[in-house]
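A.B. asks: Provided herewith: run.cif, mmCIF, C-alpha atoms.
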data_start
#
loop_
_atom_site.group_PDB
_atom_site.id
_atom_site.type_symbol
_atom_site.label_atom_id
_atom_site.label_comp_id
_atom_site.auth_asym_id
_atom_site.auth_seq_id
_atom_site.Cartn_x
_atom_site.Cartn_y
_atom_site.Cartn_z
ATOM 1 C CA MET A 1087 4.528 -6.689 -16.533
ATOM 2 C CA ALA A 1088 7.107 -9.046 -17.841
ATOM 3 C CA VAL A 1089 8.311 -8.443 -21.330
ATOM 4 C CA ALA A 1090 9.752 -11.320 -23.325
ATOM 5 C CA GLY A 1091 12.994 -10.504 -25.070
ATOM 6 C CA LEU A 1092 13.737 -7.378 -23.034
ATOM 7 C CA GLY A 1093 15.193 -9.168 -20.020
ATOM 8 C CA PRO A 1094 14.503 -9.063 -16.285
ATOM 9 C CA ALA A 1095 15.591 -5.456 -15.845
ATOM 10 C CA ARG A 1096 12.559 -4.281 -17.803
ATOM 11 C CA ALA A 1097 10.015 -6.757 -16.463
ATOM 12 C CA VAL A 1098 7.474 -5.842 -13.821
ATOM 13 C CA THR A 1099 4.443 -7.700 -12.533
ATOM 14 C CA LEU A 1100 2.575 -7.118 -9.303
ATOM 15 C CA PRO A 1101 1.376 -10.289 -7.573
ATOM 16 C CA GLY A 1102 -2.409 -10.613 -7.526
ATOM 17 C CA PHE A 1103 -2.796 -13.145 -4.676
ATOM 18 C CA ASP A 1104 -5.674 -14.461 -6.767
ATOM 19 C CA HIS A 1105 -7.962 -17.318 -5.826
ATOM 20 C CA ALA A 1106 -11.288 -18.322 -7.342
ATOM 21 C CA ILE A 1107 -13.687 -17.115 -4.631
ATOM 22 C CA PRO A 1108 -14.882 -13.559 -5.342
ATOM 23 C CA GLN A 1109 -15.872 -11.028 -2.729
ATOM 24 C CA ALA A 1110 -19.538 -11.108 -1.776
ATOM 25 C CA PRO A 1111 -21.645 -8.290 -3.276
ATOM 26 C CA GLN A 1112 -20.927 -4.916 -1.645
ATOM 27 C CA LYS A 1113 -18.030 -6.391 0.364
ATOM 28 C CA LEU A 1114 -14.608 -4.722 0.194
ATOM 29 C CA GLU A 1115 -11.108 -6.105 0.765
ATOM 30 C CA LEU A 1116 -8.241 -3.617 1.236
ATOM 31 C CA GLY A 1117 -4.561 -4.093 1.962
ATOM 32 C CA GLY A 1118 -0.980 -3.742 0.928
ATOM 33 C CA GLY A 1119 2.035 -5.810 0.093
ATOM 34 C CA ALA A 1120 5.581 -6.074 -1.159
ATOM 35 C CA ALA A 1121 7.284 -8.187 -3.818
ATOM 36 C CA GLY A 1122 10.761 -8.914 -5.131
ATOM 37 C CA GLY A 1123 12.625 -11.009 -7.650
ATOM 38 C CA ASP A 1124 14.745 -10.618 -10.795
ATOM 39 C CA ASP A 1125 16.396 -7.420 -9.480
ATOM 40 C CA LEU A 1126 13.022 -5.739 -8.869
ATOM 41 C CA VAL A 1127 11.315 -4.622 -5.691
ATOM 42 C CA SER A 1128 7.852 -3.160 -5.347
ATOM 43 C CA VAL A 1129 5.421 -1.969 -2.708
ATOM 44 C CA PHE A 1130 1.754 -1.709 -3.563
ATOM 45 C CA ALA A 1131 -1.824 -1.336 -2.385
ATOM 46 C CA LEU A 1132 -4.595 -3.674 -3.471
ATOM 47 C CA ALA A 1133 -8.392 -3.706 -3.311
ATOM 48 C CA ARG A 1134 -11.218 -6.042 -4.280
ATOM 49 C CA PHE A 1135 -14.893 -5.094 -4.442
ATOM 50 C CA GLY A 1136 -17.805 -7.517 -4.786
ATOM 51 C CA LEU A 1137 -20.181 -6.650 -7.609
ATOM 52 C CA LEU A 1138 -22.427 -9.732 -8.012
ATOM 53 C CA ASP A 1139 -22.600 -13.206 -6.463
ATOM 54 C CA ASP A 1140 -19.824 -14.572 -8.691
ATOM 55 C CA LEU A 1141 -18.187 -11.376 -9.938
ATOM 56 C CA ASP A 1142 -15.813 -8.911 -8.323
ATOM 57 C CA LEU A 1143 -13.262 -6.317 -9.412
ATOM 58 C CA ALA A 1144 -9.631 -6.114 -8.275
ATOM 59 C CA ALA A 1145 -7.275 -3.126 -8.450
ATOM 60 C CA ARG A 1146 -3.570 -2.843 -7.586
ATOM 61 C CA ALA A 1147 -1.209 0.127 -7.665
ATOM 62 C CA GLY A 1148 2.412 0.304 -6.630
ATOM 63 C CA PHE A 1149 5.897 1.697 -6.983
ATOM 64 C CA VAL A 1150 8.685 -0.376 -8.524
ATOM 65 C CA GLY A 1151 12.422 0.054 -8.091
ATOM 66 C CA GLY A 1152 15.694 -1.647 -8.865
ATOM 67 C CA LEU A 1153 15.143 -1.347 -12.602
ATOM 68 C CA GLY A 1154 18.417 -1.404 -14.476
ATOM 69 C CA ASP A 1155 19.555 -0.406 -17.964
ATOM 70 C CA GLY A 1156 18.519 3.221 -17.448
ATOM 71 C CA ASP A 1157 14.829 2.506 -16.982
ATOM 72 C CA GLY A 1158 14.825 4.010 -13.496
ATOM 73 C CA ASN A 1159 12.036 3.684 -10.972
ATOM 74 C CA GLY A 1160 8.375 3.861 -11.785
ATOM 75 C CA PHE A 1161 4.874 2.716 -11.014
ATOM 76 C CA GLU A 1162 2.370 0.088 -12.070
ATOM 77 C CA VAL A 1163 -1.418 -0.004 -11.915
ATOM 78 C CA ALA A 1164 -3.596 -3.000 -12.740
ATOM 79 C CA VAL A 1165 -7.330 -3.635 -12.720
ATOM 80 C CA GLY A 1166 -9.403 -6.636 -13.679
ATOM 81 C CA PRO A 1167 -12.622 -8.586 -13.096
ATOM 82 C CA ARG A 1168 -12.847 -12.079 -11.630
ATOM 83 C CA PHE A 1169 -15.770 -14.318 -12.609
ATOM 84 C CA ARG A 1170 -16.332 -17.626 -10.809
ATOM 85 C CA PHE A 1171 -17.963 -20.261 -13.012
ATOM 86 C CA ILE A 1172 -17.453 -23.364 -10.836
ATOM 87 C CA ARG A 1173 -18.304 -23.488 -7.117
ATOM 88 C CA THR A 1174 -17.239 -25.875 -4.378
ATOM 89 C CA GLU A 1175 -20.932 -26.475 -3.745
ATOM 90 C CA ASP A 1176 -21.132 -28.017 -7.240
ATOM 91 C CA THR A 1177 -17.828 -29.923 -7.358
ATOM 92 C CA GLY A 1178 -17.307 -30.801 -3.718
ATOM 93 C CA PHE A 1179 -13.688 -29.684 -3.848
ATOM 94 C CA ILE A 1180 -12.664 -26.669 -5.973
ATOM 95 C CA ASP A 1181 -13.754 -23.265 -7.137
ATOM 96 C CA ALA A 1182 -12.697 -22.052 -10.592
ATOM 97 C CA ALA A 1183 -12.712 -18.569 -12.093
ATOM 98 C CA VAL A 1184 -11.458 -16.565 -15.041
ATOM 99 C CA LEU A 1185 -9.642 -13.243 -14.650
ATOM 100 C CA ALA A 1186 -8.591 -10.585 -17.137
ATOM 101 C CA ASP A 1187 -6.082 -8.151 -15.635
ATOM 102 C CA VAL A 1188 -5.166 -5.033 -17.595
ATOM 103 C CA GLY A 1189 -1.999 -3.331 -16.341
ATOM 104 C CA VAL A 1190 0.197 -0.351 -17.117
ATOM 105 C CA VAL A 1191 3.860 0.085 -16.165
ATOM 106 C CA LYS A 1192 5.587 3.465 -16.539
ATOM 107 C CA THR A 1193 9.213 4.263 -15.802
ATOM 108 C CA GLU A 1194 11.540 6.981 -17.082
ATOM 109 C CA ASN A 1195 12.208 5.208 -20.388
ATOM 110 C CA LEU A 1196 9.613 2.443 -20.535
ATOM 111 C CA PHE A 1197 5.875 2.113 -21.022
ATOM 112 C CA VAL A 1198 4.170 -1.297 -20.960
ATOM 113 C CA LEU A 1199 0.494 -2.103 -21.470
ATOM 114 C CA GLY A 1200 -0.367 -5.673 -20.517
ATOM 115 C CA LEU A 1201 -3.363 -7.992 -20.679
ATOM 116 C CA ASP A 1202 -3.340 -11.280 -18.725
ATOM 117 C CA PRO A 1203 -6.358 -13.570 -19.282
ATOM 118 C CA THR A 1204 -6.014 -16.237 -16.596
ATOM 119 C CA PHE A 1205 -7.763 -19.382 -15.363
ATOM 120 C CA VAL A 1206 -7.628 -19.853 -11.575
ATOM 121 C CA ALA A 1207 -8.588 -22.894 -9.491
ATOM 122 C CA SER A 1208 -8.501 -22.893 -5.705
ATOM 123 C CA HIS A 1209 -9.564 -24.801 -2.620
ATOM 124 C CA GLU A 1210 -10.470 -23.287 0.725
ATOM 125 C CA PHE A 1211 -10.138 -25.081 4.054
ATOM 126 C CA VAL A 1212 -12.296 -23.690 6.861
ATOM 127 C CA ILE A 1213 -10.723 -23.596 10.331
ATOM 128 C CA ASP A 1214 -12.443 -22.674 13.599
ATOM 129 C CA GLY A 1215 -15.701 -22.204 11.696
ATOM 130 C CA ARG A 1216 -14.922 -18.566 10.754
ATOM 131 C CA ARG A 1217 -11.343 -18.485 9.447
ATOM 132 C CA ALA A 1218 -9.982 -20.083 6.293
ATOM 133 C CA VAL A 1219 -6.821 -21.200 4.486
ATOM 134 C CA TYR A 1220 -6.701 -21.257 0.689
ATOM 135 C CA VAL A 1221 -4.386 -22.693 -1.946
ATOM 136 C CA SER A 1222 -4.628 -21.529 -5.554
ATOM 137 C CA LEU A 1223 -3.095 -22.175 -8.957
ATOM 138 C CA GLY A 1224 -3.394 -19.771 -11.887
ATOM 139 C CA LEU A 1225 -2.455 -20.359 -15.537
ATOM 140 C CA GLY A 1226 -2.801 -17.897 -18.395
ATOM 141 C CA VAL A 1227 -1.356 -15.975 -21.291
ATOM 142 C CA ALA A 1228 0.529 -12.678 -20.942
ATOM 143 C CA PHE A 1229 0.214 -10.101 -23.727
ATOM 144 C CA SER A 1230 2.349 -6.935 -23.604
ATOM 145 C CA VAL A 1231 2.639 -3.824 -25.748
ATOM 146 C CA VAL A 1232 6.040 -2.294 -25.023
ATOM 147 C CA ASP A 1233 7.325 1.182 -25.831
ATOM 148 C CA ALA A 1234 10.978 1.356 -24.804
ATOM 149 C CA ASP A 1235 11.985 4.998 -25.372
ATOM 150 C CA GLY A 1236 15.683 5.411 -25.981
ATOM 151 C CA ALA A 1237 16.278 1.662 -26.295
ATOM 152 C CA GLY A 1238 16.167 1.692 -30.067
ATOM 153 C CA GLY A 1239 13.411 -0.911 -30.107
ATOM 154 C CA GLY A 1240 10.324 1.224 -30.713
ATOM 155 C CA THR A 1241 6.958 -0.368 -29.949
ATOM 156 C CA ASP A 1242 6.750 -4.133 -29.637
ATOM 157 C CA LEU A 1243 3.976 -6.693 -29.088
ATOM 158 C CA GLU A 1244 4.958 -9.731 -27.017
ATOM 159 C CA SER A 1245 3.131 -12.756 -25.647
ATOM 160 C CA GLY A 1246 4.060 -15.548 -23.299
ATOM 161 C CA PHE A 1247 3.071 -17.854 -20.448
ATOM 162 C CA MET A 1248 1.810 -16.720 -17.045
ATOM 163 C CA GLY A 1249 1.550 -18.957 -13.975
ATOM 164 C CA ALA A 1250 1.056 -18.308 -10.268
ATOM 165 C CA PHE A 1251 0.804 -20.262 -7.024
ATOM 166 C CA SER A 1252 -0.815 -18.496 -4.096
ATOM 167 C CA THR A 1253 -1.750 -19.396 -0.542
ATOM 168 C CA GLY A 1254 -3.265 -17.445 2.294
ATOM 169 C CA VAL A 1255 -4.515 -17.791 5.842
ATOM 170 C CA ASP A 1256 -6.911 -15.752 7.965
ATOM 171 C CA VAL A 1257 -4.685 -14.706 10.867
ATOM 172 C CA ILE A 1258 -7.834 -13.584 12.640
ATOM 173 C CA GLU A 1259 -11.322 -13.337 11.208
ATOM 174 C CA ASP A 1260 -11.298 -10.993 8.163
ATOM 175 C CA LEU A 1261 -7.514 -10.334 8.362
ATOM 176 C CA ARG A 1262 -5.648 -12.393 5.740
ATOM 177 C CA LEU A 1263 -1.938 -12.970 5.133
ATOM 178 C CA SER A 1264 -1.195 -14.168 1.567
ATOM 179 C CA LEU A 1265 1.931 -15.373 -0.238
ATOM 180 C CA GLU A 1266 2.476 -15.754 -3.975
ATOM 181 C CA ALA A 1267 5.082 -17.020 -6.434
ATOM 182 C CA ARG A 1268 4.477 -15.751 -9.973
ATOM 183 C CA LEU A 1269 6.103 -16.449 -13.330
ATOM 184 C CA ARG A 1270 5.363 -14.152 -16.266
ATOM 185 C CA ASP A 1271 7.372 -14.549 -19.452
ATOM 186 C CA GLU A 1272 10.172 -16.271 -17.471
ATOM 187 C CA ILE A 1273 10.293 -13.437 -14.929
ATOM 188 C CA GLN A 1274 9.899 -14.571 -11.320
ATOM 189 C CA ARG A 1275 8.234 -12.523 -8.569
ATOM 190 C CA TYR A 1276 7.613 -13.446 -4.944
ATOM 191 C CA GLY A 1277 5.253 -11.409 -2.809
ATOM 192 C CA LEU A 1278 3.313 -11.171 0.410
ATOM 193 C CA ALA A 1279 0.242 -9.143 1.298
ATOM 194 C CA LEU A 1280 -1.897 -8.350 4.303
ATOM 195 C CA THR A 1281 -5.555 -7.530 3.627
ATOM 196 C CA TYR A 1282 -8.696 -6.856 5.633
ATOM 197 C CA GLN A 1283 -12.254 -7.629 4.552
ATOM 198 C CA PHE A 1284 -14.943 -5.088 5.389
#
Is it possible to give me this structure as structure tokens?
C.D. replies:
Amino acid sequence: MAVAGLGPARAVTLPGFDHAIPQAPQKLELGGGAAGGDDLVSVFALARFGLLDDLDLAARAGFVGGLGDGDGNGFEVAVGPRFRFIRTEDTGFIDAAVLADVGVVKTENLFVLGLDPTFVASHEFVIDGRRAVYVSLGLGVAFSVVDADGAGGGTDLESGFMGAFSTGVDVIEDLRLSLEARLRDEIQRYGLALTYQF
């Protein structure tokens, strides 16, 4: 989670590699990734599970390091639904969805609870009939409740802008490599992930 006013050393956000096409019902996507930027590094696992035709649930969990100012290392978990309300079949070009990630960051001296309602639009290009390439843009608002123990700040409520650009390609059928650049409250993160769809 990125926290406005507390600086890059206390800002963490795991990339979501989000696009607007949810997993099909009962389908599962699993994988892992790494991210860096603004003196932070993280490794994480991610999963997506299809619930309904236009609804799935994503979860991410990872370890973060490189935190300065005495915050130490820690972990982050995030979970959120994705609901697609516009399909390519209807528009001829894009899919659009809304997401609502809820995340928690915990380090030695920092606790952050975040909520990121986000609008995502994406386009998927099919190659070889079974593989695909996607490009996606996400825009939203980042809300954070921050408890910085020992920093003299107490509990704070912050809000700011969230934006992300993501792209991915099916290396082989069902195996996807994704890249993302994310900005949350002026904190930049760059990540890559490798996932497999079951």
A.B. asks: In terms of the shortest atom-to-atom distance over all atoms listed in the file, which of A:Asn1159, A:Gln1112, A:Thr1204, A:Ser1222 is closest to Asp1187 in chain A?
C.D. replies: A:Thr1204
A.B. asks: When the PyMOL selection byres ((chain A and resi 1218) around 12) is applied to the file above, which residues end up in the set, as a PyMOL selection string?
C.D. replies: chain A and resi 1107+1209-1217+1219-1221+1253-1264
A.B. asks: Pull out every residue that the PyMOL selection byres ((chain A and resi 1245-1248) around 6) matches in the shown coordinates and put them as a ChimeraX atom specification.
C.D. replies: /A:1225-1229,1244,1249,1269-1271
A.B. asks: For Ala1144 in chain A, which residue among A:Ser1128, A:Ser1208, A:Gln1109, A:Thr1177 is the nearest when counting all atoms listed in the file?
C.D. replies: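 That would be A:Gln1109, the residue with the smallest distance to Ala1144 in chain A.
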A.B. asks: CA of Leu1199 in chain A to CA of Glu1266 in chain A: how many Å, to one decimal?
C.D. replies: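 It comes out at 22.3 Å.
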A.B. asks: Work out how far CA of Asp1233 in chain A is from CA of Leu1196 in chain A, in Å to one decimal.
C.D. replies: 5.9 Å
A.B. asks: Would you mind listing what lies within 10 Å of Gly1118 in chain A as a ChimeraX atom specification, with all atoms listed in the file counted and same-chain residues fewer than 3 positions away left out?
C.D. replies: /A:1129-1133,1146-1148,1278-1282
A.B. asks: Using all atoms listed in the file, which of the listed residues (A:Phe1284, A:Phe1161, A:Phe1171, A:Phe1251) sits closest to Leu1114 in chain A?
C.D. replies: A:Phe1284
A.B. asks: Excluding Leu1138 in chain A and its own-chain neighbours fewer than 6 positions away, which residues fall within 12 Å of it when counting only C-alpha atoms? Please give them as a list in words.
C.D. replies: Ile1107, Pro1108, Gln1109, Ala1110, Pro1111, Gln1112, Lys1113, Pro1167, Arg1168, Phe1169 and Arg1170 of chain A
A.B. asks: Dump C-alpha atoms for the selected residues as a PDB file, keeping the file's coordinate frame?
C.D. replies:
ATOM      1  CA  ILE A1107     -13.687 -17.115  -4.631  1.00  0.00           C
ATOM      2  CA  PRO A1108     -14.882 -13.559  -5.342  1.00  0.00           C
ATOM      3  CA  GLN A1109     -15.872 -11.028  -2.729  1.00  0.00           C
ATOM      4  CA  ALA A1110     -19.538 -11.108  -1.776  1.00  0.00           C
ATOM      5  CA  PRO A1111     -21.645  -8.290  -3.276  1.00  0.00           C
ATOM      6  CA  GLN A1112     -20.927  -4.916  -1.645  1.00  0.00           C
ATOM      7  CA  LYS A1113     -18.030  -6.391   0.364  1.00  0.00           C
ATOM      8  CA  PRO A1167     -12.622  -8.586 -13.096  1.00  0.00           C
ATOM      9  CA  ARG A1168     -12.847 -12.079 -11.630  1.00  0.00           C
ATOM     10  CA  PHE A1169     -15.770 -14.318 -12.609  1.00  0.00           C
ATOM     11  CA  ARG A1170     -16.332 -17.626 -10.809  1.00  0.00           C
TER      12      ARG A1170
END
A.B. asks: Spell out the residues picked by the PyMOL selection byres ((chain A and resi 1127) around 10) here, as an MDAnalysis selection string.
C.D. replies: chainID A and resid 1098 1100 1120:1126 1128:1129 1149:1153 1159 1275:1277
A.B. asks: Smallest atom-to-atom distance to Ala1183 in chain A: which of A:Leu1243, A:Leu1223, A:Leu1116, A:Leu1265, using all atoms listed in the file?
C.D. replies: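 Among the listed residues, the smallest separation from Ala1183 in chain A belongs to A:Leu1223.
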A.B. asks: For each of A:Gly1102, A:Gly1117, A:Phe1197, A:Leu1141, take the minimum atom-to-atom distance to Val1165 in chain A, counting only C-alpha atoms, then give the residue where this is smallest.
C.D. replies: A:Gly1102
